>>> print(open('entry_14.txt').read())   # compact mmCIF, C-alpha atoms
# COMPACT_ATOMS: atom_id res chain seq x y z
CA MET A 1 29.78 -1.76 27.39
CA ASP A 2 26.76 0.55 27.70
CA SER A 3 26.14 1.30 24.01
CA PRO A 4 27.69 -1.23 21.65
CA ARG A 5 27.53 -0.61 17.93
CA TYR A 6 26.05 -4.05 17.23
CA THR A 7 23.74 -6.52 18.91
CA VAL A 8 23.98 -10.04 17.48
CA ILE A 9 20.82 -12.10 18.04
CA VAL A 10 20.97 -15.88 17.76
CA PRO A 11 18.02 -18.22 18.49
CA MET A 12 18.94 -21.67 19.82
CA ALA A 13 16.97 -24.58 21.18
CA HIS A 14 19.71 -25.12 23.79
CA TYR A 15 22.80 -23.05 24.46
CA ARG A 16 26.10 -24.61 23.42
CA ALA A 17 29.36 -22.68 23.47
CA ASP A 18 30.71 -24.74 20.55
CA GLN A 19 27.99 -23.69 18.12
CA PRO A 20 29.61 -22.42 14.88
CA VAL A 21 28.24 -18.90 15.24
CA LEU A 22 29.67 -18.42 18.75
CA VAL A 23 33.03 -19.88 17.72
CA SER A 24 33.06 -17.57 14.70
CA LEU A 25 32.15 -14.51 16.78
CA ARG A 26 35.02 -15.28 19.16
CA GLU A 27 37.46 -15.70 16.29
CA THR A 28 36.32 -12.71 14.21
CA PRO A 29 34.91 -10.05 16.55
CA PRO A 30 34.12 -6.53 15.34
CA PRO A 31 36.67 -3.75 15.91
CA PRO A 32 37.03 -2.96 19.63
CA ALA A 33 35.90 0.61 19.03
CA ASP A 34 32.53 -0.64 17.80
CA GLY A 35 31.73 -3.24 20.42
CA VAL A 36 29.18 -6.01 20.23
CA GLN A 37 26.47 -7.39 22.47
CA ILE A 38 25.62 -11.05 21.85
CA ILE A 39 22.22 -12.38 22.87
CA VAL A 40 21.44 -16.08 22.64
CA ALA A 41 17.70 -16.65 22.90
CA GLU A 42 16.86 -20.16 24.06
CA GLY A 43 13.44 -21.52 23.20
CA ARG A 44 11.30 -23.41 20.70
CA HIS A 45 9.85 -20.56 18.61
CA PRO A 46 12.51 -18.58 16.68
CA SER A 47 10.23 -15.64 15.88
CA ARG A 48 9.35 -15.10 19.53
CA GLN A 49 12.95 -15.72 20.54
CA ARG A 50 14.23 -13.02 18.21
CA ASN A 51 11.52 -10.55 19.25
CA THR A 52 12.26 -11.14 22.92
CA ALA A 53 15.97 -10.59 22.32
CA VAL A 54 15.34 -7.33 20.47
CA VAL A 55 13.66 -5.90 23.58
CA ARG A 56 16.93 -6.36 25.49
CA ALA A 57 19.19 -5.26 22.64
CA ARG A 58 21.38 -2.20 23.25
CA GLY A 59 23.09 -1.95 19.86
CA ALA A 60 22.25 0.62 17.20
CA ILE A 61 22.39 -2.16 14.60
CA LEU A 62 20.74 -5.57 15.05
CA VAL A 63 22.52 -8.49 13.39
CA PHE A 64 20.43 -11.65 12.99
CA LEU A 65 22.41 -14.87 12.62
CA ASP A 66 21.60 -18.58 13.03
CA ASN A 67 23.43 -20.94 15.35
CA ASP A 68 25.03 -22.89 12.47
CA CYS A 69 26.46 -19.82 10.68
CA SER A 70 30.11 -18.81 10.46
CA LEU A 71 31.10 -15.29 9.42
CA GLY A 72 32.86 -14.73 6.14
CA ALA A 73 36.19 -12.93 5.91
CA GLY A 74 35.81 -9.19 6.34
CA TYR A 75 32.21 -9.48 7.57
CA TRP A 76 32.39 -6.63 10.08
CA LYS A 77 34.36 -4.38 7.74
CA GLU A 78 31.76 -4.90 5.03
CA LEU A 79 28.91 -4.29 7.44
CA GLU A 80 30.45 -1.06 8.68
CA ALA A 81 31.01 0.18 5.12
CA VAL A 82 27.42 -0.58 4.18
CA PHE A 83 25.89 1.19 7.17
CA ALA A 84 28.06 4.23 6.47
CA ARG A 85 25.54 4.87 3.69
CA PRO A 86 22.58 6.75 5.19
CA GLU A 87 20.11 5.23 2.73
CA VAL A 88 20.81 1.71 4.03
CA GLU A 89 18.39 0.70 6.76
CA ILE A 90 18.31 -3.06 6.15
CA VAL A 91 20.99 -5.16 4.50
CA GLY A 92 21.50 -8.86 3.95
CA GLY A 93 23.78 -11.16 2.05
CA PRO A 94 24.02 -14.78 0.96
CA ALA A 95 24.37 -17.81 3.21
CA LEU A 96 26.98 -19.85 1.36
CA LEU A 97 27.64 -23.55 1.68
CA ARG A 98 30.19 -24.36 4.36
CA PRO A 99 33.64 -25.67 3.36
CA HIS A 100 34.15 -29.44 3.39
CA ALA A 101 30.47 -30.13 2.79
CA THR A 102 29.13 -33.60 2.07
CA ALA A 103 28.19 -34.75 -1.41
CA TRP A 104 24.46 -34.39 -0.71
CA GLU A 105 24.97 -30.91 0.70
CA GLU A 106 26.74 -29.92 -2.52
CA ILE A 107 23.88 -31.32 -4.60
CA PHE A 108 21.18 -29.51 -2.65
CA ASN A 109 23.16 -26.28 -2.64
CA ALA A 110 23.60 -26.51 -6.41
CA LEU A 111 19.83 -26.85 -6.82
CA LEU A 112 19.02 -23.96 -4.49
CA THR A 113 21.48 -21.68 -6.30
CA HIS A 114 20.22 -22.56 -9.80
CA THR A 115 18.15 -19.69 -11.18
CA LEU A 116 16.18 -22.00 -13.48
CA ILE A 117 14.87 -23.82 -10.39
CA VAL A 118 14.40 -21.13 -7.73
CA GLY A 119 14.65 -17.86 -9.67
CA THR A 120 15.87 -14.80 -7.77
CA VAL A 121 15.71 -16.69 -4.47
CA SER A 122 19.09 -18.13 -5.50
CA ALA A 123 20.65 -14.87 -4.24
CA ARG A 124 20.03 -16.14 -0.72
CA TYR A 125 22.50 -18.98 -1.25
CA ALA A 126 25.07 -17.57 -3.70
CA PRO A 127 26.48 -14.11 -4.50
CA ARG A 128 24.39 -12.54 -7.24
CA GLY A 129 25.14 -9.29 -9.07
CA ARG A 130 26.26 -6.24 -7.13
CA PHE A 131 25.14 -4.15 -4.16
CA GLN A 132 21.53 -3.29 -4.98
CA ALA A 133 18.05 -2.60 -3.65
CA ALA A 134 16.39 -5.79 -2.47
CA THR A 135 13.04 -7.36 -1.71
CA GLN A 136 12.13 -10.27 0.52
CA THR A 137 12.98 -12.77 -2.24
CA ASP A 138 16.66 -11.74 -2.06
CA LEU A 139 17.22 -11.71 1.70
CA ILE A 140 17.48 -14.44 4.32
CA LEU A 141 17.10 -14.02 8.08
CA CYS A 142 20.23 -15.99 9.01
CA ASN A 143 22.29 -13.13 7.52
CA LEU A 144 20.38 -9.90 8.02
CA ALA A 145 21.28 -6.61 9.70
CA VAL A 146 18.81 -3.86 10.59
CA ARG A 147 19.05 -0.43 12.16
CA ARG A 148 17.36 -0.68 15.56
CA SER A 149 15.29 2.44 14.83
CA ILE A 150 13.85 0.75 11.73
CA PHE A 151 12.95 -2.42 13.60
CA ASP A 152 11.08 -0.28 16.12
CA LYS A 153 9.35 1.54 13.27
CA ILE A 154 8.22 -1.59 11.41
CA GLY A 155 7.40 -3.57 14.53
CA PRO A 156 8.36 -7.10 15.58
CA LEU A 157 8.46 -10.25 13.51
CA SER A 158 5.09 -11.97 13.35
CA ASN A 159 4.76 -14.46 16.20
CA GLU A 160 2.22 -16.31 14.04
CA LEU A 161 4.87 -17.30 11.52
CA TYR A 162 7.82 -19.67 11.45
CA PRO A 163 9.24 -20.06 8.89
CA SER A 164 8.60 -17.12 6.50
CA GLU A 165 8.50 -14.57 9.32
CA GLU A 166 11.21 -12.49 7.64
CA ASN A 167 9.30 -12.45 4.34
CA GLU A 168 6.24 -10.92 5.97
CA TRP A 169 8.38 -8.46 7.96
CA LEU A 170 10.34 -7.38 4.88
CA ASP A 171 7.07 -6.90 2.98
CA ARG A 172 5.98 -4.52 5.74
CA ALA A 173 9.31 -2.71 5.52
CA HIS A 174 8.98 -2.39 1.74
CA ALA A 175 5.45 -1.00 2.09
CA ALA A 176 6.79 1.58 4.54
CA GLY A 177 9.46 2.71 2.07
CA VAL A 178 12.39 1.40 4.11
CA GLY A 179 15.72 1.10 2.28
CA ALA A 180 16.53 -2.61 2.07
CA PHE A 181 19.63 -3.74 0.16
CA TYR A 182 21.38 -6.92 -0.93
CA ASP A 183 25.17 -7.09 -0.55
CA PRO A 184 26.78 -10.12 -2.25
CA ASP A 185 29.99 -9.49 -0.26
CA LEU A 186 28.28 -9.74 3.15
CA GLN A 187 28.65 -13.49 3.52
CA VAL A 188 28.13 -16.21 6.07
CA PHE A 189 28.72 -19.94 5.70
CA ARG A 190 26.45 -22.70 6.94
CA PRO A 191 25.64 -26.37 6.30
CA GLN A 192 22.92 -27.52 3.93
CA ARG A 193 20.54 -30.46 4.41
CA THR A 194 22.45 -33.73 4.38
CA THR A 195 19.79 -36.26 3.25
CA PRO A 196 16.95 -36.24 0.70
CA GLY A 197 14.47 -36.71 3.54
CA GLN A 198 15.71 -33.61 5.35
CA MET A 199 15.57 -31.60 2.13
CA GLY A 200 12.04 -32.74 1.36
CA LEU A 201 10.81 -31.87 4.86
CA MET A 202 12.46 -28.45 4.61
CA LEU A 203 10.72 -27.69 1.31
CA LEU A 204 7.35 -28.83 2.66
CA ARG A 205 7.81 -26.71 5.78
CA TYR A 206 8.84 -23.66 3.74
CA GLY A 207 5.83 -24.14 1.45
CA ILE A 208 3.47 -24.36 4.41
CA GLY A 209 5.13 -21.28 5.90
CA ARG A 210 4.68 -19.34 2.67
CA THR A 211 0.94 -20.06 2.66
CA ARG A 212 0.67 -18.95 6.29
CA GLN A 213 2.48 -15.77 5.27
CA PHE A 214 -0.18 -15.11 2.60
CA TRP A 215 -2.82 -15.58 5.27
CA VAL A 216 -1.14 -13.08 7.61
CA SER A 217 -0.02 -10.43 5.12
CA GLY A 218 -2.74 -10.72 2.50
CA TRP A 219 -3.09 -12.11 -1.00
CA ARG A 220 -1.05 -10.60 -3.81
CA PRO A 221 -0.70 -11.99 -7.36
CA THR A 222 2.82 -13.40 -7.27
CA PHE A 223 4.39 -16.53 -8.72
CA HIS A 224 4.64 -18.11 -5.27
CA GLN A 225 0.89 -17.74 -4.72
CA PHE A 226 -0.03 -19.29 -8.07
CA LEU A 227 2.41 -22.21 -7.77
CA PRO A 228 -0.03 -24.63 -6.03
CA VAL A 229 -2.76 -23.83 -8.57
CA MET A 230 -0.32 -24.48 -11.41
CA LEU A 231 0.66 -27.80 -9.83
CA ILE A 232 -2.93 -28.96 -9.38
CA ALA A 233 -3.84 -27.88 -12.91
CA THR A 234 -0.84 -29.74 -14.35
CA LEU A 235 -1.64 -32.94 -12.48
CA ALA A 236 -5.31 -32.72 -13.51
CA ALA A 237 -4.31 -32.30 -17.18
CA LEU A 238 -1.96 -35.28 -16.99
CA LEU A 239 -4.69 -37.50 -15.58
CA TYR A 240 -7.40 -36.26 -17.94
CA TRP A 241 -5.42 -36.47 -21.19
CA ARG A 242 -3.24 -39.45 -20.17
CA LEU A 243 0.00 -37.62 -20.80
CA GLU A 244 2.24 -39.80 -18.65
CA ALA A 245 4.78 -40.42 -21.44
CA GLU A 246 4.97 -36.72 -22.30
CA PHE A 247 5.41 -35.89 -18.61
CA VAL A 248 8.33 -38.32 -18.28
CA ALA A 249 9.93 -36.92 -21.44
CA LEU A 250 9.58 -33.36 -20.17
CA TRP A 251 11.05 -34.38 -16.81
CA LEU A 252 14.07 -35.95 -18.52
CA VAL A 253 14.64 -32.91 -20.72
CA ALA A 254 14.49 -30.61 -17.69
CA SER A 255 16.82 -32.93 -15.79
CA ALA A 256 19.35 -32.88 -18.61
CA ILE A 257 19.31 -29.08 -18.78
CA ILE A 258 19.88 -28.76 -15.03
CA ALA A 259 22.60 -31.42 -15.01
CA LEU A 260 24.50 -29.61 -17.77
CA THR A 261 24.20 -26.17 -16.18
CA CYS A 262 24.84 -26.99 -12.50
CA GLU A 263 27.83 -25.72 -10.55
CA GLU A 264 31.16 -26.72 -12.03
CA ARG A 265 32.39 -28.31 -8.80
CA LEU A 266 29.79 -31.06 -8.92
CA ARG A 267 31.20 -34.44 -9.94
CA GLY A 268 29.63 -36.51 -12.71
CA TRP A 269 27.35 -38.64 -10.54
CA GLN A 270 26.33 -35.58 -8.54
CA ARG A 271 25.28 -33.80 -11.72
CA PHE A 272 23.21 -36.82 -12.76
CA VAL A 273 21.43 -36.98 -9.37
CA ALA A 274 20.96 -33.19 -9.23
CA GLY A 275 19.35 -33.16 -12.66
CA LEU A 276 17.11 -36.13 -11.89
CA ILE A 277 15.70 -34.65 -8.67
CA ALA A 278 15.68 -30.99 -9.77
CA PRO A 279 11.97 -30.91 -10.75
CA LEU A 280 11.12 -32.16 -7.26
CA ILE A 281 12.32 -28.88 -5.71
CA PRO A 282 9.45 -26.66 -6.98
CA LEU A 283 6.98 -29.56 -6.90
CA THR A 284 7.65 -30.38 -3.25
CA TYR A 285 7.52 -26.70 -2.33
CA ALA A 286 4.17 -26.37 -4.11
CA VAL A 287 2.81 -29.44 -2.30
CA GLY A 288 3.82 -27.73 0.95
CA GLN A 289 1.90 -24.63 -0.06
CA ALA A 290 -1.18 -26.71 -0.86
CA LEU A 291 -0.86 -28.47 2.51
CA GLY A 292 -0.59 -25.04 4.09
CA TRP A 293 -4.14 -24.21 3.08
CA ILE A 294 -5.31 -27.41 4.76
CA ALA A 295 -3.23 -26.59 7.85
CA LEU A 296 -5.05 -23.26 8.15
CA LEU A 297 -8.19 -25.23 9.00
CA PHE A 298 -6.41 -26.64 12.04
CA PRO A 299 -4.51 -23.70 13.56
CA ALA A 300 -1.79 -24.59 16.03
CA PRO A 301 -2.11 -23.09 19.52
CA ALA A 302 -0.02 -20.00 20.20
CA SER A 303 3.42 -20.83 21.52
CA THR A 304 3.81 -20.25 25.26
CA SER A 305 7.17 -21.97 25.73
CA GLU A 306 9.67 -20.23 27.95
CA ILE A 307 12.34 -18.06 26.33
CA VAL A 308 15.62 -17.57 28.17
CA LEU A 309 18.08 -14.85 27.17
CA LEU A 310 21.78 -15.59 27.62
CA ASN A 311 25.05 -13.92 26.75
CA GLU A 312 27.80 -15.57 24.71
CA ARG A 313 29.09 -17.33 27.84
CA GLY A 314 25.71 -18.88 28.60
CA GLU A 315 24.93 -16.53 31.50
CA ARG A 316 21.40 -15.20 31.96
CA ILE A 317 20.89 -11.55 31.09
>>> encode(input="entry_14.txt", output="structure tokens")
Amino acid sequence: MDSPRYTVIVPMAHYRADQPVLVSLRETPPPPADGVQIIVAEGRHPSRQRNTAVVRARGAILVFLDNDCSLGAGYWKELEAVFARPEVEIVGGPALLRPHATAWEEIFNALLTHTLIVGTVSARYAPRGRFQAATQTDLILCNLAVRRSIFDKIGPLSNELYPSEENEWLDRAHAAGVGAFYDPDLQVFRPQRTTPGQMGLMLLRYGIGRTRQFWVSGWRPTFHQFLPVMLIATLAALLYWRLEAEFVALWLVASAIIALTCEERLRGWQRFVAGLIAPLIPLTYAVGQALGWIALLFPAPASTSEIVLLNERGERI
């Protein structure tokens, strides 16, 4: 097909036909009249992989998905209805927890969808509100669709960033007055981290990525940028005034509040664990941000790894 309506772009380390996103695309393709081009970008740097794939994209609308995503019911119908609105140039929706998830996945998902812990970022992991204008805090790159003309206007994702490349790109789009929207009904499903160690490493990596984003896109007075300072100031106050007992009491109060207000589907022991570890979510993220400033002193060399573009059958394109 010469001019498909959509180009789906999926970065992978290694092509596998049984990846959830490819299985889902085979089971729930868009209407035949629309057509879809699927590009799997093999490599080790997702930002570069996506940018390289965009160059070869033929679709009028670029759909960015991750390899572990599965499309929700009515995904293509919802996407078509959204892009029928001329004001919509970028749209994204939540990445929901996959069915039949493990107990730890359910705990971590409950924490990442709790507004008292992550604020408006919870919209990335659970449906929030209605169709509305969005900023980078609402949208996630594993479920994002963009008009090709807008991507060309804003420019590529930053090759200096991974993760947080979509945050910097969406900030550029917002500054250019591009119409970005959040659609709670545009849903994909994916797994969550399955062990505390994986979750901790993810939060550290995201915190480091956020600091690198500040470095690339410039300093602005936001909560995310003040979080490391708040953490350091809190720890300094605890040490100076010997407030260990008060800190433990505050932690337990916060844990109780989270445990009582978590998702209803969590079982009793899951609620207890979720409440107990809840304060670690922002704290670990803040530690990652602080480490990010140290990491800036030792910049990693630019990625030069090979990127191979494949179709959905694993054939080079």
>>> residues_around(input="entry_14.txt", residues="stretch 289-302 of chain A", least_positions_apart="3", cutoff="8 Å", atoms="only C-alpha atoms", output="NGL selection string")
:A and (160 or 204 or 206-212 or 228 or 285-286)
>>> residues_around(input="entry_14.txt", residues="A:His100", least_positions_apart="6", cutoff="12 Å", atoms="only C-alpha atoms", output="ChimeraX atom specification")
/A:106,189-192
>>> atom_distance(input="entry_14.txt", atom1="atom CA of A:Ser158", atom2="atom CA of A:Phe64")
15.3 Å
>>> atom_distance(input="entry_14.txt", atom1="atom CA of A:Ala259", atom2="atom CA of A:Asp185")
27.4 Å
>>> closest_residue(input="entry_14.txt", among="A:Leu25, A:Leu96, A:Cys142, A:Ala60", to="A:Ser122", atoms="only C-alpha atoms")
A:Leu96
>>> closest_residue(input="entry_14.txt", among="A:Asp66, A:Ile90, A:Gln270, A:Gln213", to="A:Pro163", atoms="only C-alpha atoms")
A:Gln213
>>> residues_around(input="entry_14.txt", residues="A:Ile117", least_positions_apart="4", cutoff="9 Å", atoms="all atoms listed in the file", output="count of residues only")
9
>>> residues_near_point(input="entry_14.txt", point="(22.1, -4.4, 8.0)", cutoff="6 Å", atoms="only C-alpha atoms", output="count of residues only")
5
